file input.txt (compact mmCIF, C-alpha atoms)
# COMPACT_ATOMS: atom_id res chain seq x y z
CA MET A 1 4.16 26.02 -9.65
CA LEU A 2 2.72 22.79 -8.33
CA SER A 3 -0.87 22.46 -9.54
CA LYS A 4 -3.77 21.71 -7.26
CA ARG A 5 -5.04 18.29 -8.28
CA ILE A 6 -8.55 17.46 -9.48
CA ILE A 7 -9.22 13.82 -8.74
CA PRO A 8 -12.34 12.00 -9.95
CA CYS A 9 -13.11 9.03 -7.75
CA LEU A 10 -14.54 5.86 -9.24
CA ASP A 11 -16.21 3.48 -6.81
CA VAL A 12 -16.00 0.00 -8.28
CA LYS A 13 -18.39 -2.87 -7.56
CA ASN A 14 -18.65 -6.08 -9.61
CA GLY A 15 -16.48 -4.57 -12.33
CA GLN A 16 -18.57 -1.44 -12.81
CA VAL A 17 -18.47 2.11 -11.50
CA VAL A 18 -21.20 2.77 -8.95
CA LYS A 19 -22.32 5.74 -6.89
CA GLY A 20 -24.11 5.91 -3.57
CA VAL A 21 -25.40 8.73 -1.44
CA ARG A 22 -23.73 8.85 1.95
CA PHE A 23 -22.20 5.49 1.05
CA LYS A 24 -25.64 3.84 0.70
CA GLN A 25 -27.94 2.82 -2.17
CA HIS A 26 -25.35 2.12 -4.84
CA GLU A 27 -26.39 2.66 -8.44
CA VAL A 28 -24.42 1.77 -11.58
CA VAL A 29 -22.77 4.73 -13.28
CA GLY A 30 -20.88 3.07 -16.13
CA ASP A 31 -17.93 1.11 -17.45
CA ILE A 32 -14.62 1.50 -15.58
CA ILE A 33 -12.33 1.81 -18.60
CA GLU A 34 -14.59 4.15 -20.56
CA LEU A 35 -15.00 6.52 -17.64
CA ALA A 36 -11.30 6.40 -16.78
CA LYS A 37 -10.35 7.27 -20.36
CA LEU A 38 -12.94 10.02 -20.55
CA TYR A 39 -11.74 11.70 -17.35
CA SER A 40 -8.07 11.49 -18.23
CA GLU A 41 -8.68 12.92 -21.71
CA GLN A 42 -10.71 15.73 -20.16
CA GLY A 43 -7.77 16.77 -17.99
CA ALA A 44 -8.23 15.00 -14.66
CA ASP A 45 -4.90 15.12 -12.82
CA GLU A 46 -5.21 11.73 -11.18
CA LEU A 47 -7.84 9.04 -10.68
CA VAL A 48 -8.75 7.04 -7.61
CA PHE A 49 -10.48 3.66 -7.79
CA TYR A 50 -12.10 2.14 -4.72
CA GLU A 51 -13.37 -1.41 -4.93
CA ILE A 52 -15.87 -0.70 -2.21
CA SER A 53 -16.93 -4.21 -1.29
CA ALA A 54 -13.42 -5.72 -1.07
CA SER A 55 -12.64 -4.80 2.54
CA VAL A 56 -16.12 -5.73 3.73
CA GLU A 57 -15.87 -9.11 1.96
CA LYS A 58 -12.35 -9.56 3.39
CA ARG A 59 -10.65 -10.04 0.00
CA LEU A 60 -8.23 -8.23 -2.29
CA LEU A 61 -9.69 -6.21 -5.13
CA ASP A 62 -9.88 -7.69 -8.63
CA LEU A 63 -6.50 -7.17 -10.35
CA ASN A 64 -7.78 -7.55 -13.92
CA TRP A 65 -9.32 -4.11 -14.20
CA VAL A 66 -6.25 -2.51 -12.61
CA ARG A 67 -4.10 -3.72 -15.50
CA ASP A 68 -6.69 -2.59 -18.07
CA ILE A 69 -6.70 0.88 -16.52
CA ALA A 70 -2.90 1.06 -16.63
CA LYS A 71 -2.91 0.17 -20.33
CA ASN A 72 -5.55 2.70 -21.22
CA ILE A 73 -4.76 5.91 -19.36
CA ASP A 74 -1.66 8.12 -19.24
CA ILE A 75 -2.12 9.84 -15.89
CA PRO A 76 -1.35 8.52 -12.40
CA PHE A 77 -3.91 6.49 -10.53
CA CYS A 78 -4.42 5.13 -7.06
CA VAL A 79 -6.19 1.91 -6.16
CA ALA A 80 -7.96 0.90 -2.95
CA GLY A 81 -9.84 -2.13 -1.76
CA GLY A 82 -8.86 -4.82 0.70
CA ILE A 83 -5.08 -4.30 0.53
CA LYS A 84 -3.93 -5.91 3.78
CA SER A 85 -0.27 -6.81 3.21
CA VAL A 86 2.94 -5.96 1.36
CA ASP A 87 2.20 -8.90 -0.98
CA ASP A 88 -1.26 -7.54 -1.81
CA ALA A 89 0.21 -4.11 -2.53
CA ALA A 90 2.98 -5.57 -4.72
CA LYS A 91 0.36 -7.30 -6.88
CA VAL A 92 -1.55 -4.05 -7.40
CA LEU A 93 1.55 -1.94 -8.13
CA GLU A 94 2.89 -4.53 -10.59
CA GLN A 95 -0.24 -4.11 -12.68
CA GLY A 96 0.66 -0.46 -13.19
CA ALA A 97 -1.03 1.42 -10.35
CA ASP A 98 1.03 4.32 -9.00
CA LYS A 99 -0.26 4.35 -5.47
CA ILE A 100 -2.25 2.19 -3.16
CA SER A 101 -4.71 3.50 -0.65
CA ILE A 102 -5.54 1.73 2.55
CA ASN A 103 -8.28 2.48 5.03
CA SER A 104 -9.94 -0.23 7.15
CA PRO A 105 -6.91 -2.61 7.03
CA ALA A 106 -4.74 0.20 8.44
CA ILE A 107 -7.13 0.65 11.34
CA ALA A 108 -7.09 -3.09 12.01
CA ARG A 109 -3.26 -3.18 11.88
CA PRO A 110 -1.55 0.24 11.80
CA GLU A 111 1.94 -1.30 11.29
CA LEU A 112 0.81 -2.07 7.73
CA ILE A 113 1.49 1.59 6.89
CA LYS A 114 5.11 1.27 7.99
CA GLU A 115 5.58 -2.02 6.16
CA LEU A 116 4.29 -0.51 2.92
CA HIS A 117 6.42 2.60 3.42
CA ASP A 118 9.56 0.51 3.95
CA GLU A 119 8.93 -1.68 0.92
CA PHE A 120 7.63 0.75 -1.70
CA GLY A 121 8.50 4.22 -0.42
CA LYS A 122 6.37 6.92 1.09
CA GLN A 123 5.06 8.20 -2.27
CA CYS A 124 3.07 5.00 -2.86
CA VAL A 125 1.25 4.93 0.44
CA VAL A 126 -2.05 6.77 0.69
CA VAL A 127 -4.21 6.45 3.77
CA GLY A 128 -7.92 7.02 3.35
CA ILE A 129 -9.75 8.27 6.43
CA ASP A 130 -13.52 8.33 6.82
CA SER A 131 -14.21 11.04 9.36
CA PHE A 132 -17.61 11.64 10.91
CA PHE A 133 -18.49 14.80 12.82
CA ASP A 134 -20.44 13.84 15.91
CA GLU A 135 -22.60 16.82 16.75
CA GLN A 136 -23.36 15.70 20.30
CA SER A 137 -19.76 15.47 21.40
CA GLY A 138 -18.39 17.99 18.90
CA GLU A 139 -15.68 15.46 17.98
CA TYR A 140 -14.39 14.21 14.65
CA LEU A 141 -14.42 10.40 14.74
CA VAL A 142 -12.85 7.82 12.44
CA TYR A 143 -15.14 5.19 10.90
CA GLN A 144 -14.25 1.95 9.16
CA LEU A 145 -15.78 -0.48 6.63
CA THR A 146 -17.93 2.31 5.21
CA GLY A 147 -18.24 0.42 1.90
CA ASP A 148 -21.25 -1.37 3.38
CA PRO A 149 -23.81 0.44 5.58
CA ASN A 150 -24.38 -2.75 7.58
CA ALA A 151 -20.68 -3.20 8.34
CA ALA A 152 -19.73 0.45 8.91
CA SER A 153 -18.66 1.18 12.47
CA GLN A 154 -16.97 3.75 14.63
CA THR A 155 -13.32 3.06 15.51
CA ARG A 156 -11.37 3.90 18.65
CA TYR A 157 -9.70 6.90 16.99
CA LYS A 158 -10.46 10.56 16.91
CA THR A 159 -9.60 11.94 13.48
CA GLN A 160 -6.82 14.22 14.74
CA GLU A 161 -5.11 11.33 16.59
CA TRP A 162 -5.32 9.05 13.58
CA ILE A 163 -3.92 11.69 11.21
CA GLN A 164 -0.90 12.14 13.49
CA ARG A 165 -0.44 8.39 13.85
CA VAL A 166 -0.53 7.57 10.13
CA GLN A 167 2.03 10.28 9.39
CA ASP A 168 4.33 8.94 12.10
CA LEU A 169 4.04 5.48 10.51
CA GLY A 170 5.08 6.78 7.10
CA ALA A 171 1.97 7.62 5.09
CA GLY A 172 2.74 9.72 2.00
CA GLU A 173 -0.68 11.24 1.51
CA ILE A 174 -4.03 11.42 3.28
CA VAL A 175 -7.45 11.40 1.65
CA LEU A 176 -9.87 12.80 4.21
CA ASN A 177 -13.44 11.86 3.46
CA CYS A 178 -15.82 14.04 5.44
CA MET A 179 -18.72 11.61 5.81
CA ASN A 180 -21.37 14.14 6.82
CA GLN A 181 -20.88 15.89 3.47
CA ASP A 182 -20.46 12.83 1.29
CA GLY A 183 -22.73 12.63 -1.72
CA VAL A 184 -24.92 15.58 -0.75
CA ARG A 185 -23.11 18.20 -2.89
CA LYS A 186 -23.29 21.08 -0.40
CA GLY A 187 -19.58 21.90 -0.51
CA TYR A 188 -16.47 20.51 1.16
CA ASP A 189 -16.17 20.61 4.97
CA LEU A 190 -13.88 23.66 5.03
CA SER A 191 -13.77 23.89 8.80
CA GLN A 192 -12.71 20.29 9.32
CA LEU A 193 -10.28 20.30 6.39
CA SER A 194 -8.60 23.51 7.60
CA GLN A 195 -8.13 22.04 11.07
CA MET A 196 -6.70 18.80 9.69
CA ARG A 197 -4.51 20.64 7.16
CA ALA A 198 -2.69 22.27 10.06
CA LEU A 199 -1.78 18.78 11.35
CA CYS A 200 -0.55 17.42 7.99
CA ASP A 201 3.01 17.77 6.69
CA ILE A 202 2.16 15.47 3.78
CA PRO A 203 -0.28 16.13 0.91
CA LEU A 204 -3.92 16.26 2.01
CA ILE A 205 -6.75 15.45 -0.37
CA ALA A 206 -10.29 16.67 0.37
CA SER A 207 -13.19 14.33 -0.25
CA GLY A 208 -16.93 14.61 0.21
CA GLY A 209 -19.36 17.35 -0.68
CA ALA A 210 -18.36 18.86 -4.04
CA GLY A 211 -21.44 20.31 -5.74
CA LYS A 212 -20.33 23.25 -7.87
CA GLU A 213 -17.17 24.80 -9.32
CA GLN A 214 -16.87 27.37 -6.54
CA ASP A 215 -16.64 24.55 -3.95
CA PHE A 216 -13.28 23.59 -5.48
CA VAL A 217 -11.98 27.18 -5.41
CA ASP A 218 -13.05 27.42 -1.75
CA VAL A 219 -11.42 24.18 -0.65
CA PHE A 220 -8.12 25.11 -2.33
CA ASN A 221 -8.07 28.73 -1.18
CA GLN A 222 -9.55 28.34 2.29
CA ALA A 223 -8.45 24.87 3.42
CA ASN A 224 -5.22 24.85 1.36
CA VAL A 225 -5.54 21.17 0.43
CA ASP A 226 -3.33 19.70 -2.30
CA GLY A 227 -6.09 17.99 -4.20
CA ALA A 228 -9.85 17.66 -4.29
CA LEU A 229 -11.63 14.41 -4.92
CA ALA A 230 -15.18 14.14 -6.21
CA ALA A 231 -17.41 11.52 -7.77
CA SER A 232 -21.05 12.26 -8.47
CA VAL A 233 -20.59 15.77 -9.86
CA PHE A 234 -18.35 14.30 -12.54
CA HIS A 235 -20.35 11.12 -13.13
CA LYS A 236 -23.58 13.07 -13.51
CA GLN A 237 -21.89 15.78 -15.58
CA VAL A 238 -22.91 18.49 -13.15
CA ILE A 239 -19.33 19.71 -13.51
CA GLU A 240 -17.18 19.23 -16.60
CA ILE A 241 -13.47 19.02 -15.92
CA PRO A 242 -12.24 21.39 -18.70
CA LYS A 243 -14.62 24.11 -17.50
CA LEU A 244 -13.69 23.49 -13.88
CA LYS A 245 -9.99 23.84 -14.71
CA GLN A 246 -10.60 27.14 -16.51
CA TYR A 247 -12.69 28.37 -13.57
CA LEU A 248 -9.86 27.50 -11.17
CA LYS A 249 -7.38 29.36 -13.35
CA ASP A 250 -9.67 32.41 -13.55
CA ASN A 251 -9.78 32.35 -9.75
CA LYS A 252 -5.99 32.23 -9.41
CA VAL A 253 -5.77 28.59 -8.31
CA ALA A 254 -2.65 26.87 -9.68
CA THR A 255 -3.99 24.36 -12.18
CA ARG A 256 -3.02 22.29 -15.21
CA LEU A 257 -4.94 23.21 -18.35
CA MET B 258 14.00 -2.29 -30.78
CA ILE B 259 13.77 -0.74 -27.35
CA ALA B 260 14.71 -2.42 -24.08
CA ILE B 261 13.28 -1.69 -20.66
CA ILE B 262 15.91 -2.65 -18.14
CA ASN B 263 14.25 -4.98 -15.65
CA THR B 264 15.52 -3.87 -12.28
CA GLY B 265 12.62 -5.56 -10.54
CA CYS B 266 11.01 -2.28 -9.60
CA ALA B 267 7.26 -1.91 -9.46
CA ASN B 268 6.53 0.46 -12.34
CA ILE B 269 7.96 -1.49 -15.27
CA ASN B 270 4.52 -2.20 -16.68
CA SER B 271 3.60 1.50 -16.57
CA VAL B 272 6.61 2.33 -18.73
CA ARG B 273 5.91 -0.56 -21.08
CA PHE B 274 2.26 0.43 -21.54
CA ALA B 275 3.26 4.04 -22.28
CA PHE B 276 5.45 2.94 -25.19
CA GLU B 277 2.75 0.55 -26.38
CA ARG B 278 0.31 3.48 -26.54
CA LEU B 279 2.82 5.11 -28.92
CA GLY B 280 2.79 2.01 -31.11
CA VAL B 281 6.16 0.68 -29.93
CA THR B 282 6.53 -2.74 -28.34
CA PRO B 283 9.47 -2.69 -25.92
CA GLU B 284 11.14 -5.75 -24.51
CA VAL B 285 11.56 -6.06 -20.76
CA LEU B 286 15.17 -7.17 -20.51
CA SER B 287 16.67 -9.10 -17.60
CA ASP B 288 19.99 -10.10 -19.19
CA PRO B 289 22.61 -7.31 -19.24
CA ASN B 290 24.61 -9.16 -21.92
CA GLN B 291 21.83 -8.56 -24.43
CA LEU B 292 21.54 -4.80 -23.89
CA ASN B 293 23.86 -3.96 -26.77
CA GLN B 294 21.49 -5.58 -29.28
CA PHE B 295 18.87 -2.89 -28.65
CA ASP B 296 18.65 0.52 -30.39
CA ARG B 297 17.41 2.28 -27.30
CA ALA B 298 17.07 1.55 -23.60
CA VAL B 299 15.04 2.81 -20.67
CA LEU B 300 16.12 2.52 -17.06
CA PRO B 301 13.04 2.90 -14.85
CA GLY B 302 13.13 3.11 -11.09
CA VAL B 303 11.01 3.68 -8.03
CA GLY B 304 11.79 3.06 -4.39
CA HIS B 305 14.92 3.65 -2.34
CA ALA B 306 18.22 4.64 -4.05
CA ASN B 307 20.34 2.38 -1.89
CA VAL B 308 18.23 -0.71 -2.57
CA ALA B 309 17.84 0.00 -6.30
CA MET B 310 21.53 0.76 -6.85
CA LYS B 311 22.61 -2.38 -5.04
CA ARG B 312 20.24 -4.45 -7.19
CA LEU B 313 21.52 -2.81 -10.39
CA VAL B 314 25.12 -3.68 -9.52
CA GLU B 315 24.33 -7.20 -8.29
CA GLN B 316 22.44 -8.03 -11.47
CA GLY B 317 25.43 -6.93 -13.55
CA TRP B 318 23.96 -3.84 -15.19
CA GLN B 319 26.71 -1.41 -14.23
CA GLN B 320 29.12 -2.37 -17.00
CA ALA B 321 26.41 -2.92 -19.62
CA VAL B 322 24.94 0.53 -19.02
CA ASN B 323 28.39 2.17 -18.92
CA GLU B 324 29.39 0.65 -22.25
CA TYR B 325 26.09 1.33 -24.00
CA ASN B 326 26.51 3.92 -26.78
CA LYS B 327 22.91 4.34 -27.99
CA PRO B 328 20.15 6.50 -26.45
CA LEU B 329 19.41 5.54 -22.87
CA LEU B 330 16.77 7.22 -20.73
CA GLY B 331 16.63 6.99 -16.95
CA ILE B 332 13.26 7.74 -15.38
CA CYS B 333 12.86 9.09 -11.81
CA LEU B 334 15.12 6.94 -9.61
CA GLY B 335 16.51 5.51 -12.86
CA MET B 336 17.70 9.02 -13.70
CA GLN B 337 19.19 9.51 -10.23
CA MET B 338 21.19 6.29 -10.55
CA LEU B 339 22.93 7.69 -13.66
CA CYS B 340 24.35 10.55 -11.55
CA ASP B 341 27.47 10.69 -9.39
CA ASP B 342 25.93 9.95 -6.01
CA SER B 343 22.75 10.19 -3.95
CA GLU B 344 22.17 11.47 -0.46
CA GLU B 345 19.40 8.88 -0.12
CA GLY B 346 21.31 6.16 1.70
CA ASN B 347 24.63 7.88 0.81
CA VAL B 348 25.16 5.68 -2.21
CA ASN B 349 27.38 6.06 -5.26
CA GLY B 350 25.61 6.23 -8.60
CA LEU B 351 26.87 5.08 -12.00
CA GLY B 352 28.70 8.41 -12.44
CA ILE B 353 27.57 8.79 -16.05
CA ILE B 354 25.89 12.21 -15.74
CA ASP B 355 27.63 14.88 -13.63
CA GLY B 356 26.01 16.02 -10.43
CA SER B 357 24.80 14.87 -7.04
CA VAL B 358 21.29 13.93 -5.94
CA LYS B 359 20.29 15.58 -2.68
CA ALA B 360 17.19 15.86 -0.50
CA LEU B 361 14.82 18.45 -1.93
CA GLN B 362 14.63 21.46 0.42
CA THR B 363 10.89 22.08 0.31
CA GLY B 364 10.70 24.65 3.12
CA ASN B 365 7.08 25.13 4.19
CA LEU B 366 5.73 23.09 1.28
CA THR B 367 4.45 19.56 1.74
CA SER B 368 6.86 16.73 0.95
CA PRO B 369 7.25 14.57 -1.16
CA HIS B 370 6.95 16.80 -4.23
CA MET B 371 3.93 15.04 -5.69
CA GLY B 372 1.81 16.23 -8.57
CA TRP B 373 1.89 18.24 -11.79
CA ASN B 374 4.43 21.01 -12.14
CA ASN B 375 5.81 23.22 -14.92
CA ILE B 376 9.16 22.53 -16.49
CA LYS B 377 11.34 25.22 -18.00
CA VAL B 378 13.57 24.33 -20.92
CA THR B 379 17.03 25.77 -20.27
CA LYS B 380 18.97 24.19 -23.12
CA GLU B 381 17.96 23.26 -26.65
CA HIS B 382 18.08 19.53 -27.25
CA PRO B 383 16.19 16.97 -29.41
CA LEU B 384 14.56 15.65 -26.22
CA THR B 385 12.88 18.96 -25.36
CA LYS B 386 11.67 19.76 -28.87
CA GLY B 387 8.19 21.30 -28.81
CA ILE B 388 8.09 21.68 -25.01
CA THR B 389 6.96 25.08 -23.70
CA ASN B 390 6.95 26.70 -20.24
CA ASP B 391 3.20 26.07 -19.95
CA ASP B 392 3.70 22.32 -20.15
CA GLN B 393 3.29 20.34 -16.96
CA VAL B 394 4.53 16.87 -16.06
CA TYR B 395 3.91 14.50 -13.16
CA PHE B 396 6.49 14.39 -10.35
CA VAL B 397 6.76 12.10 -7.33
CA HIS B 398 10.06 12.40 -5.46
CA SER B 399 11.84 13.78 -2.40
CA PHE B 400 15.41 13.80 -3.77
CA ALA B 401 16.64 15.78 -6.76
CA HIS B 402 19.61 16.53 -9.03
CA GLU B 403 21.07 20.03 -8.64
CA VAL B 404 20.87 22.26 -11.71
CA ASN B 405 24.20 22.19 -13.56
CA SER B 406 25.61 22.13 -17.09
CA THR B 407 23.87 18.81 -17.87
CA THR B 408 20.41 20.27 -17.15
CA LEU B 409 18.12 20.52 -20.19
CA ALA B 410 15.00 21.56 -18.27
CA SER B 411 14.48 22.66 -14.70
CA CYS B 412 11.62 22.74 -12.23
CA GLU B 413 11.09 24.52 -8.94
CA TYR B 414 9.61 23.22 -5.69
CA GLY B 415 11.06 24.96 -2.66
CA GLN B 416 14.30 25.13 -4.67
CA PRO B 417 15.27 24.82 -8.36
CA PHE B 418 16.29 21.34 -9.51
CA SER B 419 16.84 19.39 -12.74
CA ALA B 420 13.77 17.99 -14.50
CA ILE B 421 15.64 16.68 -17.55
CA ILE B 422 19.38 16.04 -17.80
CA ALA B 423 21.60 14.64 -20.55
CA ARG B 424 25.19 13.86 -21.44
CA GLU B 425 26.15 12.33 -24.77
CA ASN B 426 23.81 9.33 -25.35
CA TYR B 427 22.46 9.31 -21.79
CA ALA B 428 19.46 11.24 -20.53
CA GLY B 429 17.28 11.32 -17.46
CA MET B 430 13.87 12.62 -16.48
CA GLN B 431 13.05 13.21 -12.82
CA PHE B 432 9.30 13.12 -13.45
CA HIS B 433 7.26 10.29 -14.95
CA PRO B 434 6.80 10.84 -18.71
CA GLU B 435 4.82 7.59 -18.81
CA LYS B 436 2.21 9.23 -16.56
CA SER B 437 2.37 12.78 -17.92
CA ALA B 438 -0.50 12.69 -20.43
CA LYS B 439 0.14 14.37 -23.81
CA VAL B 440 3.30 16.20 -22.71
CA GLY B 441 4.77 12.90 -21.52
CA ALA B 442 3.86 11.22 -24.80
CA LYS B 443 5.61 14.03 -26.68
CA LEU B 444 8.77 13.59 -24.58
CA LEU B 445 8.80 9.83 -25.11
CA THR B 446 8.30 10.38 -28.85
CA ASN B 447 11.26 12.80 -28.79
CA PHE B 448 13.28 10.08 -27.10
CA MET B 449 12.31 7.57 -29.80
CA GLN B 450 13.46 10.02 -32.49
CA TRP B 451 16.66 11.11 -30.74
CA GLN B 452 19.76 10.36 -32.82
CA VAL B 453 23.16 10.46 -31.13
call {"tool": "encode", "arguments": {"input": "input.txt", "output": "structure tokens"}}
result
Amino acid sequence: MLSKRIIPCLDVKNGQVVKGVRFKQHEVVGDIIELAKLYSEQGADELVFYEISASVEKRLLDLNWVRDIAKNIDIPFCVAGGIKSVDDAAKVLEQGADKISINSPAIARPELIKELHDEFGKQCVVVGIDSFFDEQSGEYLVYQLTGDPNAASQTRYKTQEWIQRVQDLGAGEIVLNCMNQDGVRKGYDLSQLSQMRALCDIPLIASGGAGKEQDFVDVFNQANVDGALAASVFHKQVIEIPKLKQYLKDNKVATRL
Amino acid sequence: MIAIINTGCANINSVRFAFERLGVTPEVLSDPNQLNQFDRAVLPGVGHANVAMKRLVEQGWQQAVNEYNKPLLGICLGMQMLCDDSEEGNVNGLGIIDGSVKALQTGNLTSPHMGWNNIKVTKEHPLTKGITNDDQVYFVHSFAHEVNSTTLASCEYGQPFSAIIARENYAGMQFHPEKSAKVGAKLLTNFMQWQV
């Protein structure tokens, strides 16, 4: 049976892993390679690396650490940060990354999704979506450039529209980051994720809000997502991956031990 | 010495690094005429079957791979190219391992089949030594080889399909052993020790 994926997310800035609360106030967590090796040895199913300042600074992420990661870990990993063209993506994949994730550049030029799909195949193309629940209007809205609080802004898309659009263009997977929950460890946004799950024919990865082991059971059982991404609970050792995997198994979630 | 056949696909470094982690230094080979000098060969592949197959033929690998009589392992699309034909782009394969590659019928499940799944060993073989039904490997694909007499291990996602196939000195793995943690390392070690 296909296992539900546990995906630690490593936000990269100036060659180190950092963590912010609600995307603000970044603090250094540790060395990229050491953390990547630790998580893969502990049983993480996949890793995601976001070079958070790349898109804001309008440049491609640093390729050197991508190659070091590929040499040092034996599980799949996805890389994001300022990938704006087929050429950019080719450089990242050549270093040994399995997938590339695009977010703000896809909003600026949606055809990029189709170009990447046509060149590398659907399985390589992950679209990250930062979705903010606006309480006043009751709408889910897509944000961009969230790597920098001063640059972050609302886009023209509602989340549902954008999810449909990226699938039509050939995305192979969606990482839905529920911004209201991000970094506050109160659980995943089950309501939003369930609604968006119903619109997705491709794998959907939940992001934002993991605080305890039960949050993972809930997001798999209630929102039926394919994977769950988390950062601070792993970085701060609030949750240890081997224990989380056993907890998932005990709760009848398909998992890899 | 082990050769990684350079088909120009994107994941060559991933395969190379996986062997390097096992203490083996493979050579990425671009000249088909040299293939015979190597004790073992790996044919990696990602992307579209039609494009990859065309490139393989244009670069002159068809004959070299056909005449090779030492262990050769196709990975993912590399495995599919060893088969008779593929529904992806309706293209003929190398015809080395019996069976057709068809679109995976995933039913209500999400597609592509992406992630960790169990494999079930169906035939004893040096390549599957030490592999149990609890072992999981990493898959990323939407086309698959139908289970037949060449199947060494199978997997199920919407339908049963071949995870590992072999005929004589040729073998193929639909998943990515280079990205399948300890189980993948065990399978690659089995490949290194496989005598034909």
call {"tool": "residues_around", "arguments": {"input": "input.txt", "residues": "Pro383 (chain B)", "least_positions_apart": "4", "cutoff": "12 Å", "atoms": "all atoms listed in the file", "output": "count of residues only"}}
result
21
call {"tool": "closest_atom_pairs", "arguments": {"input": "input.txt", "of": "chain B", "to": "chain A", "cutoff": "7 Å", "atoms": "only C-alpha atoms", "output": "CSV"}}
result
residue,atom,partner,partner_atom,distance
B:Ala267,CA,A:Glu94,CA,5.2
B:Asn268,CA,A:Gly96,CA,6.0
B:Asn270,CA,A:Gly96,CA,5.5
B:Ser271,CA,A:Gly96,CA,4.9
B:Phe274,CA,A:Lys71,CA,5.3
B:Gly304,CA,A:Gly121,CA,5.3
B:His305,CA,A:Gly121,CA,6.7
B:Thr367,CA,A:Ile202,CA,5.1
B:Ser368,CA,A:Ile202,CA,5.6
B:Pro369,CA,A:Gln123,CA,6.8
B:Gly372,CA,A:Leu2,CA,6.6
B:Trp373,CA,A:Ser3,CA,5.5
B:Asn374,CA,A:Leu2,CA,4.5
B:Asn375,CA,A:Met1,CA,6.2
B:Gln393,CA,A:Arg256,CA,6.8
B:Val397,CA,A:Gln123,CA,6.6
B:Glu435,CA,A:Asp74,CA,6.5
B:Lys436,CA,A:Ile75,CA,4.4
B:Ser437,CA,A:Ile75,CA,5.7
B:Ala438,CA,A:Asp74,CA,4.9
call {"tool": "atom_distance", "arguments": {"input": "input.txt", "atom1": "CA of Gly441 (chain B)", "atom2": "CA of Val394 (chain B)"}}
result
6.8 Å
call {"tool": "closest_residue", "arguments": {"input": "input.txt", "among": "B:Pro283, B:Gly335, B:Gly356, B:Pro301", "to": "Asn263 (chain B)", "atoms": "only C-alpha atoms"}}
result
B:Pro301
call {"tool": "atom_distance", "arguments": {"input": "input.txt", "atom1": "CA of Ser406 (chain B)", "atom2": "CA of Leu292 (chain B)"}}
result
28.1 Å
call {"tool": "closest_residue", "arguments": {"input": "input.txt", "among": "B:Gln294, B:Ser399, B:Thr407, B:Gln320", "to": "Cys340 (chain B)", "atoms": "all atoms listed in the file"}}
result
B:Thr407
call {"tool": "atom_distance", "arguments": {"input": "input.txt", "atom1": "CA of Ile7 (chain A)", "atom2": "CA of Thr155 (chain A)"}}
result
26.8 Å
call {"tool": "residues_around", "arguments": {"input": "input.txt", "residues": "Gln42 (chain A)", "least_positions_apart": "5", "cutoff": "9 Å", "atoms": "only C-alpha atoms", "output": "PyMOL selection string"}}
result
chain A and resi 37+240-242
call {"tool": "closest_residue", "arguments": {"input": "input.txt", "among": "A:Gln181, A:Ser153, A:Asn64, A:Ser101", "to": "Leu193 (chain A)", "atoms": "all atoms listed in the file"}}
result
A:Gln181
call {"tool": "closest_residue", "arguments": {"input": "input.txt", "among": "B:Ile354, B:Leu286, B:Val348, B:Leu330", "to": "Gly429 (chain B)", "atoms": "only C-alpha atoms"}}
result
B:Leu330
call {"tool": "closest_residue", "arguments": {"input": "input.txt", "among": "B:Leu366, B:Val299, B:Ile262, B:Ile332", "to": "Gln316 (chain B)", "atoms": "only C-alpha atoms"}}
result
B:Ile262
call {"tool": "residues_around", "arguments": {"input": "input.txt", "residues": "Asn323 (chain B)", "least_positions_apart": "5", "cutoff": "10 Å", "atoms": "only C-alpha atoms", "output": "list of chain:residue names"}}
result
B:Trp318, B:Leu339, B:Leu351, B:Gly352, B:Ile353, B:Tyr427
call {"tool": "closest_residue", "arguments": {"input": "input.txt", "among": "B:Asn290, B:Thr264, B:Gly280, B:Glu413", "to": "Gly331 (chain B)", "atoms": "all atoms listed in the file"}}
result
B:Thr264
call {"tool": "build_atoms", "arguments": {"input": "input.txt", "residues": "region 119-126 of chain A", "atoms": "N, CA and C atoms", "output": "tab-separated table (two decimals), in the coordinates of the input"}}
result
chain	number	residue	atom	x	y	z
A	119	GLU	N	8.77	-0.87	2.13
A	119	GLU	CA	8.93	-1.68	0.92
A	119	GLU	C	8.86	-0.84	-0.36
A	120	PHE	N	7.90	0.07	-0.43
A	120	PHE	CA	7.63	0.75	-1.70
A	120	PHE	C	7.95	2.24	-1.69
A	121	GLY	N	8.25	2.79	-0.52
A	121	GLY	CA	8.50	4.22	-0.42
A	121	GLY	C	7.23	4.97	-0.07
A	122	LYS	N	7.45	6.10	0.57
A	122	LYS	CA	6.37	6.92	1.09
A	122	LYS	C	5.36	7.34	0.01
A	123	GLN	N	5.90	7.62	-1.22
A	123	GLN	CA	5.06	8.20	-2.27
A	123	GLN	C	3.94	7.28	-2.72
A	124	CYS	N	4.08	5.98	-2.43
A	124	CYS	CA	3.07	5.00	-2.86
A	124	CYS	C	1.93	4.87	-1.86
A	125	VAL	N	2.15	5.32	-0.65
A	125	VAL	CA	1.25	4.93	0.44
A	125	VAL	C	0.26	6.04	0.80
A	126	VAL	N	-0.98	5.83	0.39
A	126	VAL	CA	-2.05	6.77	0.69
A	126	VAL	C	-2.93	6.15	1.78
